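Data block for protein_15.cif (mmCIF, C-alpha atoms; chains and numbers go by the auth columns):
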```cif
data_upload
#
loop_
_atom_site.group_PDB
_atom_site.id
_atom_site.type_symbol
_atom_site.label_atom_id
_atom_site.label_comp_id
_atom_site.label_asym_id
_atom_site.label_seq_id
_atom_site.Cartn_x
_atom_site.Cartn_y
_atom_site.Cartn_z
_atom_site.B_iso_or_equiv
_atom_site.auth_seq_id
_atom_site.auth_asym_id
ATOM 1 C CA MET A 1 4.679 -17.956 -10.104 0.00 1 A
ATOM 2 C CA THR A 2 2.110 -17.975 -12.883 0.00 2 A
ATOM 3 C CA LYS A 3 -0.122 -14.961 -13.399 0.00 3 A
ATOM 4 C CA LEU A 4 -2.582 -16.871 -15.579 0.00 4 A
ATOM 5 C CA TYR A 5 -5.896 -18.021 -14.087 0.00 5 A
ATOM 6 C CA PRO A 6 -8.441 -20.324 -15.762 0.00 6 A
ATOM 7 C CA ASP A 7 -11.390 -17.906 -15.565 0.00 7 A
ATOM 8 C CA ALA A 8 -12.586 -14.566 -14.189 0.00 8 A
ATOM 9 C CA GLN A 9 -14.097 -16.063 -11.043 0.00 9 A
ATOM 10 C CA SER A 10 -10.845 -17.716 -9.978 0.00 10 A
ATOM 11 C CA ALA A 11 -8.820 -14.590 -10.830 0.00 11 A
ATOM 12 C CA LEU A 12 -11.040 -12.534 -8.520 0.00 12 A
ATOM 13 C CA ASP A 13 -10.911 -15.081 -5.700 0.00 13 A
ATOM 14 C CA GLY A 14 -9.985 -13.447 -2.393 0.00 14 A
ATOM 15 C CA LEU A 15 -10.112 -9.917 -3.814 0.00 15 A
ATOM 16 C CA LEU A 16 -13.787 -8.985 -3.715 0.00 16 A
ATOM 17 C CA LYS A 17 -15.667 -7.404 -0.843 0.00 17 A
ATOM 18 C CA ASP A 18 -18.272 -4.681 -0.399 0.00 18 A
ATOM 19 C CA ASP A 19 -17.330 -0.994 -0.806 0.00 19 A
ATOM 20 C CA LEU A 20 -14.315 -1.522 -3.058 0.00 20 A
ATOM 21 C CA VAL A 21 -12.938 1.252 -5.279 0.00 21 A
ATOM 22 C CA ILE A 22 -12.383 -0.218 -8.746 0.00 22 A
ATOM 23 C CA ALA A 23 -10.575 1.439 -11.664 0.00 23 A
ATOM 24 C CA ALA A 24 -11.959 0.024 -14.910 0.00 24 A
ATOM 25 C CA GLY A 25 -10.601 0.489 -18.408 0.00 25 A
ATOM 26 C CA GLY A 26 -12.715 1.008 -21.489 0.00 26 A
ATOM 27 C CA PHE A 27 -14.579 3.674 -23.408 0.00 27 A
ATOM 28 C CA GLY A 28 -18.212 2.860 -24.087 0.00 28 A
ATOM 29 C CA LEU A 29 -18.005 -0.784 -25.176 0.00 29 A
ATOM 30 C CA CYS A 30 -14.477 -0.415 -26.590 0.00 30 A
ATOM 31 C CA GLY A 31 -11.810 -2.170 -24.562 0.00 31 A
ATOM 32 C CA ILE A 32 -13.979 -3.063 -21.564 0.00 32 A
ATOM 33 C CA PRO A 33 -13.053 -6.044 -19.343 0.00 33 A
ATOM 34 C CA GLU A 34 -16.472 -7.607 -19.809 0.00 34 A
ATOM 35 C CA LYS A 35 -15.699 -11.087 -18.434 0.00 35 A
ATOM 36 C CA LEU A 36 -14.304 -9.581 -15.216 0.00 36 A
ATOM 37 C CA LEU A 37 -17.290 -7.242 -14.913 0.00 37 A
ATOM 38 C CA ASP A 38 -19.667 -10.193 -15.321 0.00 38 A
ATOM 39 C CA ALA A 39 -17.846 -12.089 -12.572 0.00 39 A
ATOM 40 C CA ILE A 40 -17.994 -9.092 -10.234 0.00 40 A
ATOM 41 C CA ARG A 41 -21.729 -8.820 -10.853 0.00 41 A
ATOM 42 C CA ASP A 42 -22.243 -12.526 -10.237 0.00 42 A
ATOM 43 C CA SER A 43 -20.304 -12.336 -6.944 0.00 43 A
ATOM 44 C CA GLY A 44 -23.001 -10.103 -5.426 0.00 44 A
ATOM 45 C CA VAL A 45 -20.621 -7.551 -3.862 0.00 45 A
ATOM 46 C CA LYS A 46 -22.197 -4.119 -3.412 0.00 46 A
ATOM 47 C CA GLY A 47 -21.459 -0.528 -2.458 0.00 47 A
ATOM 48 C CA LEU A 48 -18.858 -0.319 -5.231 0.00 48 A
ATOM 49 C CA THR A 49 -17.186 2.830 -6.509 0.00 49 A
ATOM 50 C CA PHE A 50 -16.078 2.681 -10.148 0.00 50 A
ATOM 51 C CA ALA A 51 -13.561 5.066 -11.681 0.00 51 A
ATOM 52 C CA SER A 52 -14.293 4.672 -15.379 0.00 52 A
ATOM 53 C CA ASN A 53 -14.876 6.983 -18.308 0.00 53 A
ATOM 54 C CA ASN A 54 -18.522 5.881 -18.413 0.00 54 A
ATOM 55 C CA ALA A 55 -20.718 2.939 -17.512 0.00 55 A
ATOM 56 C CA GLY A 56 -21.109 1.392 -20.941 0.00 56 A
ATOM 57 C CA ILE A 57 -24.715 1.094 -22.086 0.00 57 A
ATOM 58 C CA ASP A 58 -27.809 -0.423 -20.514 0.00 58 A
ATOM 59 C CA ASN A 59 -27.125 -4.056 -19.619 0.00 59 A
ATOM 60 C CA GLU A 60 -23.567 -4.011 -20.972 0.00 60 A
ATOM 61 C CA GLY A 61 -20.306 -3.308 -19.166 0.00 61 A
ATOM 62 C CA ILE A 62 -20.692 -1.541 -15.823 0.00 62 A
ATOM 63 C CA GLY A 63 -24.302 -0.996 -16.878 0.00 63 A
ATOM 64 C CA LYS A 64 -24.981 -4.584 -15.768 0.00 64 A
ATOM 65 C CA LEU A 65 -23.889 -3.733 -12.228 0.00 65 A
ATOM 66 C CA LEU A 66 -26.011 -0.594 -12.224 0.00 66 A
ATOM 67 C CA ARG A 67 -29.044 -2.739 -13.031 0.00 67 A
ATOM 68 C CA THR A 68 -28.352 -4.934 -10.004 0.00 68 A
ATOM 69 C CA LYS A 69 -27.779 -1.886 -7.750 0.00 69 A
ATOM 70 C CA GLN A 70 -24.225 -2.957 -6.858 0.00 70 A
ATOM 71 C CA VAL A 71 -22.679 0.437 -7.684 0.00 71 A
ATOM 72 C CA LYS A 72 -22.752 3.210 -5.102 0.00 72 A
ATOM 73 C CA LYS A 73 -20.667 5.840 -6.919 0.00 73 A
ATOM 74 C CA MET A 74 -19.272 6.551 -10.377 0.00 74 A
ATOM 75 C CA ILE A 75 -16.230 8.730 -11.057 0.00 75 A
ATOM 76 C CA SER A 76 -16.854 9.395 -14.738 0.00 76 A
ATOM 77 C CA SER A 77 -16.687 11.785 -17.663 0.00 77 A
ATOM 78 C CA TYR A 78 -19.812 10.803 -19.554 0.00 78 A
ATOM 79 C CA VAL A 79 -23.270 9.439 -18.772 0.00 79 A
ATOM 80 C CA GLY A 80 -24.751 9.311 -22.284 0.00 80 A
ATOM 81 C CA GLU A 81 -26.127 6.143 -23.926 0.00 81 A
ATOM 82 C CA ASN A 82 -27.016 4.642 -20.525 0.00 82 A
ATOM 83 C CA LYS A 83 -30.590 5.377 -19.453 0.00 83 A
ATOM 84 C CA GLU A 84 -30.289 3.498 -16.163 0.00 84 A
ATOM 85 C CA PHE A 85 -27.188 5.523 -15.232 0.00 85 A
ATOM 86 C CA GLU A 86 -29.124 8.702 -16.028 0.00 86 A
ATOM 87 C CA ARG A 87 -32.200 7.554 -14.102 0.00 87 A
ATOM 88 C CA GLN A 88 -30.268 6.596 -10.963 0.00 88 A
ATOM 89 C CA PHE A 89 -28.295 9.832 -11.025 0.00 89 A
ATOM 90 C CA LEU A 90 -31.360 12.069 -11.434 0.00 90 A
ATOM 91 C CA SER A 91 -33.274 10.182 -8.740 0.00 91 A
ATOM 92 C CA GLY A 92 -30.411 10.451 -6.253 0.00 92 A
ATOM 93 C CA GLU A 93 -29.833 6.687 -6.113 0.00 93 A
ATOM 94 C CA LEU A 94 -26.307 6.965 -7.513 0.00 94 A
ATOM 95 C CA GLU A 95 -23.520 9.334 -6.500 0.00 95 A
ATOM 96 C CA VAL A 96 -21.643 10.724 -9.501 0.00 96 A
ATOM 97 C CA GLU A 97 -18.360 12.621 -9.482 0.00 97 A
ATOM 98 C CA PHE A 98 -18.020 14.204 -12.911 0.00 98 A
ATOM 99 C CA CYS A 99 -14.454 14.508 -14.132 0.00 99 A
ATOM 100 C CA PRO A 100 -13.176 15.795 -17.509 0.00 100 A
ATOM 101 C CA GLN A 101 -11.744 12.948 -19.595 0.00 101 A
ATOM 102 C CA GLY A 102 -8.161 14.180 -19.660 0.00 102 A
ATOM 103 C CA THR A 103 -8.267 14.907 -15.945 0.00 103 A
ATOM 104 C CA LEU A 104 -9.653 11.440 -15.218 0.00 104 A
ATOM 105 C CA ALA A 105 -6.868 9.785 -17.207 0.00 105 A
ATOM 106 C CA GLU A 106 -4.277 11.908 -15.410 0.00 106 A
ATOM 107 C CA ARG A 107 -5.809 11.159 -11.997 0.00 107 A
ATOM 108 C CA MET A 108 -5.382 7.451 -12.725 0.00 108 A
ATOM 109 C CA ARG A 109 -1.853 7.935 -14.052 0.00 109 A
ATOM 110 C CA ALA A 110 -0.955 10.054 -11.020 0.00 110 A
ATOM 111 C CA GLY A 111 -2.262 7.409 -8.636 0.00 111 A
ATOM 112 C CA GLY A 112 -0.190 4.784 -10.436 0.00 112 A
ATOM 113 C CA ALA A 113 2.905 6.964 -10.068 0.00 113 A
ATOM 114 C CA GLY A 114 2.266 7.589 -6.365 0.00 114 A
ATOM 115 C CA ILE A 115 1.360 11.246 -6.930 0.00 115 A
ATOM 116 C CA PRO A 116 -1.407 12.336 -4.517 0.00 116 A
ATOM 117 C CA GLY A 117 -2.466 15.456 -6.399 0.00 117 A
ATOM 118 C CA PHE A 118 -1.764 17.880 -9.247 0.00 118 A
ATOM 119 C CA TYR A 119 -2.983 21.254 -10.493 0.00 119 A
ATOM 120 C CA THR A 120 -4.759 21.748 -13.816 0.00 120 A
ATOM 121 C CA LYS A 121 -6.519 24.590 -15.646 0.00 121 A
ATOM 122 C CA THR A 122 -9.243 22.234 -16.870 0.00 122 A
ATOM 123 C CA GLY A 123 -12.511 23.102 -15.136 0.00 123 A
ATOM 124 C CA VAL A 124 -11.437 26.448 -13.682 0.00 124 A
ATOM 125 C CA GLY A 125 -14.487 28.691 -13.323 0.00 125 A
ATOM 126 C CA THR A 126 -16.970 25.832 -13.815 0.00 126 A
ATOM 127 C CA GLN A 127 -18.883 23.450 -11.567 0.00 127 A
ATOM 128 C CA VAL A 128 -15.928 21.082 -11.826 0.00 128 A
ATOM 129 C CA ALA A 129 -13.953 23.499 -9.626 0.00 129 A
ATOM 130 C CA GLU A 130 -16.547 23.763 -6.851 0.00 130 A
ATOM 131 C CA GLY A 131 -15.078 22.890 -3.454 0.00 131 A
ATOM 132 C CA LYS A 132 -11.565 22.400 -4.829 0.00 132 A
ATOM 133 C CA GLU A 133 -8.419 24.291 -3.875 0.00 133 A
ATOM 134 C CA VAL A 134 -7.381 26.979 -6.371 0.00 134 A
ATOM 135 C CA LYS A 135 -3.832 28.266 -6.771 0.00 135 A
ATOM 136 C CA ASN A 136 -2.376 30.869 -9.067 0.00 136 A
ATOM 137 C CA PHE A 137 0.699 30.058 -11.148 0.00 137 A
ATOM 138 C CA GLY A 138 2.119 32.681 -13.497 0.00 138 A
ATOM 139 C CA GLY A 139 -1.057 34.739 -13.300 0.00 139 A
ATOM 140 C CA GLU A 140 -3.335 31.815 -14.142 0.00 140 A
ATOM 141 C CA ASP A 141 -5.671 29.899 -11.814 0.00 141 A
ATOM 142 C CA TYR A 142 -5.370 26.133 -11.475 0.00 142 A
ATOM 143 C CA ILE A 143 -7.482 23.678 -9.474 0.00 143 A
ATOM 144 C CA LEU A 144 -6.196 20.818 -7.365 0.00 144 A
ATOM 145 C CA GLU A 145 -7.187 17.320 -8.496 0.00 145 A
ATOM 146 C CA HIS A 146 -6.419 14.187 -6.505 0.00 146 A
ATOM 147 C CA GLY A 147 -4.799 11.035 -7.822 0.00 147 A
ATOM 148 C CA ILE A 148 -6.967 7.916 -7.902 0.00 148 A
ATOM 149 C CA PHE A 149 -5.768 5.087 -5.681 0.00 149 A
ATOM 150 C CA ALA A 150 -8.038 2.083 -6.322 0.00 150 A
ATOM 151 C CA ASP A 151 -8.338 -1.183 -4.445 0.00 151 A
ATOM 152 C CA LEU A 152 -8.580 -3.058 -7.722 0.00 152 A
ATOM 153 C CA SER A 153 -7.843 -2.406 -11.397 0.00 153 A
ATOM 154 C CA ILE A 154 -9.629 -4.359 -14.125 0.00 154 A
ATOM 155 C CA VAL A 155 -8.549 -3.861 -17.733 0.00 155 A
ATOM 156 C CA LYS A 156 -8.759 -5.402 -21.201 0.00 156 A
ATOM 157 C CA ALA A 157 -5.712 -5.986 -23.408 0.00 157 A
ATOM 158 C CA TRP A 158 -5.130 -7.450 -26.852 0.00 158 A
ATOM 159 C CA LYS A 159 -1.984 -9.508 -26.283 0.00 159 A
ATOM 160 C CA ALA A 160 0.094 -10.462 -23.274 0.00 160 A
ATOM 161 C CA ASP A 161 3.141 -12.592 -22.755 0.00 161 A
ATOM 162 C CA GLU A 162 3.408 -15.065 -19.912 0.00 162 A
ATOM 163 C CA THR A 163 4.966 -12.484 -17.593 0.00 163 A
ATOM 164 C CA GLY A 164 2.121 -9.981 -18.084 0.00 164 A
ATOM 165 C CA ASN A 165 3.665 -7.528 -20.538 0.00 165 A
ATOM 166 C CA LEU A 166 0.695 -6.047 -22.405 0.00 166 A
ATOM 167 C CA MET A 167 -0.193 -4.728 -25.830 0.00 167 A
ATOM 168 C CA PHE A 168 -3.472 -2.882 -26.441 0.00 168 A
ATOM 169 C CA ARG A 169 -5.157 -2.711 -29.834 0.00 169 A
ATOM 170 C CA LYS A 170 -5.553 0.764 -31.289 0.00 170 A
ATOM 171 C CA THR A 171 -8.364 2.809 -29.678 0.00 171 A
ATOM 172 C CA ALA A 172 -9.112 -0.042 -27.258 0.00 172 A
ATOM 173 C CA ARG A 173 -6.103 1.186 -25.301 0.00 173 A
ATOM 174 C CA ASN A 174 -8.106 4.269 -24.158 0.00 174 A
ATOM 175 C CA PHE A 175 -8.272 4.314 -20.318 0.00 175 A
ATOM 176 C CA ASN A 176 -6.887 0.803 -19.881 0.00 176 A
ATOM 177 C CA GLN A 177 -3.264 1.858 -19.608 0.00 177 A
ATOM 178 C CA PRO A 178 -3.613 4.397 -16.771 0.00 178 A
ATOM 179 C CA ALA A 179 -6.347 2.363 -15.037 0.00 179 A
ATOM 180 C CA ALA A 180 -4.042 -0.654 -14.848 0.00 180 A
ATOM 181 C CA THR A 181 -1.449 1.239 -12.849 0.00 181 A
ATOM 182 C CA CYS A 182 -3.537 2.807 -10.082 0.00 182 A
ATOM 183 C CA GLY A 183 -4.937 -0.266 -8.323 0.00 183 A
ATOM 184 C CA LYS A 184 -3.358 -2.219 -5.494 0.00 184 A
ATOM 185 C CA VAL A 185 -4.051 -5.356 -7.559 0.00 185 A
ATOM 186 C CA CYS A 186 -4.393 -5.379 -11.363 0.00 186 A
ATOM 187 C CA LEU A 187 -6.444 -7.994 -13.211 0.00 187 A
ATOM 188 C CA VAL A 188 -6.271 -8.208 -16.988 0.00 188 A
ATOM 189 C CA GLU A 189 -8.348 -10.107 -19.510 0.00 189 A
ATOM 190 C CA VAL A 190 -6.610 -10.614 -22.833 0.00 190 A
ATOM 191 C CA GLU A 191 -7.485 -12.032 -26.204 0.00 191 A
ATOM 192 C CA GLU A 192 -4.214 -13.922 -26.632 0.00 192 A
ATOM 193 C CA ILE A 193 -1.239 -14.951 -24.494 0.00 193 A
ATOM 194 C CA VAL A 194 2.080 -15.585 -26.237 0.00 194 A
ATOM 195 C CA PRO A 195 5.378 -17.009 -24.949 0.00 195 A
ATOM 196 C CA ALA A 196 7.670 -14.737 -22.946 0.00 196 A
ATOM 197 C CA GLY A 197 10.159 -12.974 -25.202 0.00 197 A
ATOM 198 C CA SER A 198 8.004 -13.132 -28.332 0.00 198 A
ATOM 199 C CA LEU A 199 6.714 -9.540 -28.067 0.00 199 A
ATOM 200 C CA ASP A 200 8.790 -6.709 -29.508 0.00 200 A
ATOM 201 C CA PRO A 201 10.010 -4.796 -26.429 0.00 201 A
ATOM 202 C CA ASP A 202 9.362 -1.498 -28.227 0.00 202 A
ATOM 203 C CA ALA A 203 5.725 -2.516 -28.815 0.00 203 A
ATOM 204 C CA ILE A 204 4.865 -3.229 -25.180 0.00 204 A
ATOM 205 C CA HIS A 205 2.398 -0.642 -23.855 0.00 205 A
ATOM 206 C CA LEU A 206 2.365 -1.723 -20.199 0.00 206 A
ATOM 207 C CA PRO A 207 5.142 -3.627 -18.416 0.00 207 A
ATOM 208 C CA GLY A 208 4.217 -6.830 -16.640 0.00 208 A
ATOM 209 C CA VAL A 209 5.352 -5.410 -13.294 0.00 209 A
ATOM 210 C CA PHE A 210 1.916 -3.756 -13.056 0.00 210 A
ATOM 211 C CA VAL A 211 -0.019 -6.978 -13.744 0.00 211 A
ATOM 212 C CA ASN A 212 -0.911 -9.425 -10.974 0.00 212 A
ATOM 213 C CA ARG A 213 -3.448 -11.789 -12.553 0.00 213 A
ATOM 214 C CA MET A 214 -4.595 -12.566 -16.104 0.00 214 A
ATOM 215 C CA ILE A 215 -7.343 -14.501 -17.865 0.00 215 A
ATOM 216 C CA VAL A 216 -7.970 -15.254 -21.532 0.00 216 A
ATOM 217 C CA GLY A 217 -11.358 -13.727 -22.286 0.00 217 A
ATOM 218 C CA ALA A 218 -11.732 -14.678 -25.961 0.00 218 A
ATOM 219 C CA PRO A 219 -13.838 -15.394 -27.894 0.00 219 A
ATOM 220 C CA TYR A 220 -15.883 -12.202 -27.704 0.00 220 A
ATOM 221 C CA ASP A 221 -19.265 -11.389 -29.177 0.00 221 A
ATOM 222 C CA LYS A 222 -18.694 -8.032 -30.839 0.00 222 A
ATOM 223 C CA LYS A 223 -21.288 -5.543 -29.594 0.00 223 A
ATOM 224 C CA ILE A 224 -22.199 -2.247 -31.237 0.00 224 A
ATOM 225 C CA GLU A 225 -22.814 0.659 -28.883 0.00 225 A
ATOM 226 C CA PHE A 226 -24.854 2.855 -31.210 0.00 226 A
ATOM 227 C CA ARG A 227 -26.107 1.724 -34.607 0.00 227 A
ATOM 228 C CA THR A 228 -26.995 4.185 -37.357 0.00 228 A
ATOM 229 C CA THR A 229 -28.469 2.863 -40.597 0.00 229 A
ATOM 230 C CA ARG A 230 -30.096 4.263 -43.707 0.00 230 A
ATOM 231 C CA GLU A 231 -32.374 2.784 -46.305 0.00 231 A
ATOM 232 C CA ARG A 232 -30.734 1.447 -49.434 0.00 232 A
ATOM 233 C CA GLU A 233 -31.290 3.701 -52.433 0.00 233 A
ATOM 234 C CA ALA A 234 -33.327 2.276 -55.279 0.00 234 A
ATOM 235 C CA VAL A 235 -31.320 1.416 -58.383 0.00 235 A
#
```
Any chance you could give the structure as structure tokens?
Amino acid sequence: MTKLYPDAQSALDGLLKDDLVIAAGGFGLCGIPEKLLDAIRDSGVKGLTFASNNAGIDNEGIGKLLRTKQVKKMISSYVGENKEFERQFLSGELEVEFCPQGTLAERMRAGGAGIPGFYTKTGVGTQVAEGKEVKNFGGEDYILEHGIFADLSIVKAWKADETGNLMFRKTARNFNQPAATCGKVCLVEVEEIVPAGSLDPDAIHLPGVFVNRMIVGAPYDKKIEFRTTREREAV
């Protein structure tokens, strides 16, 4: 059975409905599954919950779905660089569950491993701990965090073989690896698909057993999240 689909729309066929929980890879604009996000936006589904480090920037990444009011809740670490995210949060239009970055990655990894919860020191004594169970281990307090179990995972990879074994490129790996594991169905967009057996087994970052459907997303228009320039000095 082939895992390769001709485009994002066909890969998402039969999977989308209102009120889904979606785990999305990426960090800012680095390693985001932008073709899949565009197709989700175009489908018109709403009431979505995204578990993702952030929502990209205005009109890019998950930011596109914020503009169309398709997102009900974000489980995120960071809201900077996205004015619409900030506006909706401050106006009460968007529910936000703030989660430290390491904790968010571990919540995804835990969900992928079938672990419903774990204790961590991160956030103890802060607003992050409000309403959460606290236990003492070895004289230190730890708070209970729950694993993320998503309906759908959408991630971006660099290379894949025909069976779905994945390689990520440098920092574009970010949240993609744990996000891929915690969904009931995992969709991946890749830049290149190579024949099975051509990838070095020691270089595979995510086994194909986690991957259900793939698309080739390339070519990509490289976007810059935040541009800083300076005037050229006179010679």
Closest of A:Val45, A:Cys99, A:Leu144, A:Val216 to Gly117 (chain A) - atom-to-atom distances counting only C-alpha atoms:
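Closest to Gly117 (chain A) of all the choices is A:Leu144.
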Restrict the calculation to all atoms listed in the file, then for each residue of region 184-215 of chain A with any atom at most 12 Å from an atom of region 20-43 of chain A give the closest atom pair and their distance in Å to one decimal, rows by chain and rising residue number, as a Markdown table.
```
| residue | atom | partner | partner_atom | distance |
| --- | --- | --- | --- | --- |
| A:Lys184 | CA | A:Ile22 | CA | 9.8 |
| A:Val185 | CA | A:Ile22 | CA | 9.9 |
| A:Cys186 | CA | A:Ala23 | CA | 9.2 |
| A:Leu187 | CA | A:Leu36 | CA | 8.3 |
| A:Val188 | CA | A:Pro33 | CA | 7.5 |
| A:Glu189 | CA | A:Pro33 | CA | 6.2 |
| A:Val190 | CA | A:Pro33 | CA | 8.6 |
| A:Glu191 | CA | A:Pro33 | CA | 10.7 |
| A:Arg213 | CA | A:Leu36 | CA | 11.4 |
| A:Met214 | CA | A:Leu36 | CA | 10.2 |
| A:Ile215 | CA | A:Leu36 | CA | 8.9 |
```
Taking only C-alpha atoms into account, name the residue in A:Asn165, A:Thr49, A:Gln88, A:Thr2 that is nearest to Lys72 (chain A).
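That would be A:Thr49, the residue with the smallest distance to Lys72 (chain A).
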The PyMOL selection byres ((chain A and resi 177) around 10) - which residues does that actually catch in the file I just gave you? List them as number ranges by chain.
A: 25-26, 105, 108-109, 155-157, 166-168, 172-176, 178-182, 205-206
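Interatomic distance, CA of Gln9 (chain A) against CA of Phe85 (chain A): 25.6 Å.
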For CA of Ile57 (chain A) and CA of Glu81 (chain A), the interatomic separation in Å (one decimal):
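The value is 5.6 Å.
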Find the residue from A:Ile204, A:Ala150, A:Ala51, A:Ile62 that sits nearest to Met74 (chain A); use all atoms listed in the file when measuring.
A:Ala51
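For the set A:Gly164, A:Gly14, A:Pro100, A:Gly112, the residue with the smallest atom-to-atom gap to Glu145 (chain A) is A:Pro100, counting only C-alpha atoms.
Applied to this file, the PyMOL selection byres ((chain A and resi 193) around 6) selects the residues Lys159, Ala160, Asp161, Glu192 and Val194 of chain A.
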Draw an axis-aligned box over all listed atoms of region 4-9 of chain A, pad each side with 4 Å, and write its centre and edge lengths in Å, one decimal, as lines of an AutoDock Vina configuration file.
```
center_x = -8.3
center_y = -17.4
center_z = -13.4
size_x = 19.5
size_y = 13.8
size_z = 12.7
```
At what distance in Å, to one decimal, does CA of Asn53 (chain A) lie from CA of Phe137 (chain A)?
28.7 Å
Selection as a ChimeraX atom specification: residues within 12 Å of (-30.6, 1.0, -18.5), counting only C-alpha atoms:
/A:55-69,79-89
Region 49-65 of chain A from the block above, N, CA and C atoms, as a PDB file, in the first residue's frame, please?
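Result file follows (selection00.pdb):
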```pdb
ATOM      1  N   THR A  49      -8.113  22.796  17.527  1.00  0.00           N
ATOM      2  CA  THR A  49      -7.102  22.982  18.558  1.00  0.00           C
ATOM      3  C   THR A  49      -5.763  22.568  17.979  1.00  0.00           C
ATOM      4  N   PHE A  50      -4.790  23.485  18.016  1.00  0.00           N
ATOM      5  CA  PHE A  50      -3.444  23.189  17.525  1.00  0.00           C
ATOM      6  C   PHE A  50      -2.467  23.096  18.691  1.00  0.00           C
ATOM      7  N   ALA A  51      -1.731  22.000  18.748  1.00  0.00           N
ATOM      8  CA  ALA A  51      -0.581  21.887  19.643  1.00  0.00           C
ATOM      9  C   ALA A  51       0.652  22.157  18.794  1.00  0.00           C
ATOM     10  N   SER A  52       1.237  23.325  18.981  1.00  0.00           N
ATOM     11  CA  SER A  52       2.369  23.752  18.165  1.00  0.00           C
ATOM     12  C   SER A  52       3.157  24.789  18.938  1.00  0.00           C
ATOM     13  N   ASN A  53       4.456  24.836  18.728  1.00  0.00           N
ATOM     14  CA  ASN A  53       5.276  25.759  19.501  1.00  0.00           C
ATOM     15  C   ASN A  53       4.748  27.186  19.412  1.00  0.00           C
ATOM     16  N   ASN A  54       4.349  27.611  18.209  1.00  0.00           N
ATOM     17  CA  ASN A  54       3.728  28.919  18.038  1.00  0.00           C
ATOM     18  C   ASN A  54       2.839  28.865  16.809  1.00  0.00           C
ATOM     19  N   ALA A  55       2.361  30.003  16.388  1.00  0.00           N
ATOM     20  CA  ALA A  55       1.436  30.033  15.246  1.00  0.00           C
ATOM     21  C   ALA A  55       2.053  30.722  14.043  1.00  0.00           C
ATOM     22  N   GLY A  56       3.378  30.608  13.898  1.00  0.00           N
ATOM     23  CA  GLY A  56       4.024  31.263  12.779  1.00  0.00           C
ATOM     24  C   GLY A  56       3.942  32.772  12.911  1.00  0.00           C
ATOM     25  N   ILE A  57       3.764  33.450  11.795  1.00  0.00           N
ATOM     26  CA  ILE A  57       3.601  34.904  11.799  1.00  0.00           C
ATOM     27  C   ILE A  57       2.268  35.231  11.117  1.00  0.00           C
ATOM     28  N   ASP A  58       1.922  36.502  11.111  1.00  0.00           N
ATOM     29  CA  ASP A  58       0.671  36.897  10.461  1.00  0.00           C
ATOM     30  C   ASP A  58       0.642  36.417   9.017  1.00  0.00           C
ATOM     31  N   ASN A  59      -0.430  35.698   8.679  1.00  0.00           N
ATOM     32  CA  ASN A  59      -0.661  35.233   7.310  1.00  0.00           C
ATOM     33  C   ASN A  59       0.340  34.203   6.820  1.00  0.00           C
ATOM     34  N   GLU A  60       1.063  33.554   7.723  1.00  0.00           N
ATOM     35  CA  GLU A  60       1.931  32.445   7.351  1.00  0.00           C
ATOM     36  C   GLU A  60       1.770  31.339   8.387  1.00  0.00           C
ATOM     37  N   GLY A  61       1.851  30.101   7.945  1.00  0.00           N
ATOM     38  CA  GLY A  61       1.717  28.972   8.864  1.00  0.00           C
ATOM     39  C   GLY A  61       0.318  28.921   9.472  1.00  0.00           C
ATOM     40  N   ILE A  62       0.243  28.584  10.742  1.00  0.00           N
ATOM     41  CA  ILE A  62      -1.046  28.529  11.438  1.00  0.00           C
ATOM     42  C   ILE A  62      -1.679  29.920  11.482  1.00  0.00           C
ATOM     43  N   GLY A  63      -0.847  30.954  11.326  1.00  0.00           N
ATOM     44  CA  GLY A  63      -1.368  32.313  11.288  1.00  0.00           C
ATOM     45  C   GLY A  63      -2.440  32.507  10.227  1.00  0.00           C
ATOM     46  N   LYS A  64      -2.377  31.756   9.132  1.00  0.00           N
ATOM     47  CA  LYS A  64      -3.406  31.834   8.096  1.00  0.00           C
ATOM     48  C   LYS A  64      -4.750  31.352   8.626  1.00  0.00           C
ATOM     49  N   LEU A  65      -4.733  30.322   9.452  1.00  0.00           N
ATOM     50  CA  LEU A  65      -5.978  29.785  10.004  1.00  0.00           C
ATOM     51  C   LEU A  65      -6.515  30.647  11.129  1.00  0.00           C
TER      52      LEU A  65
END
```
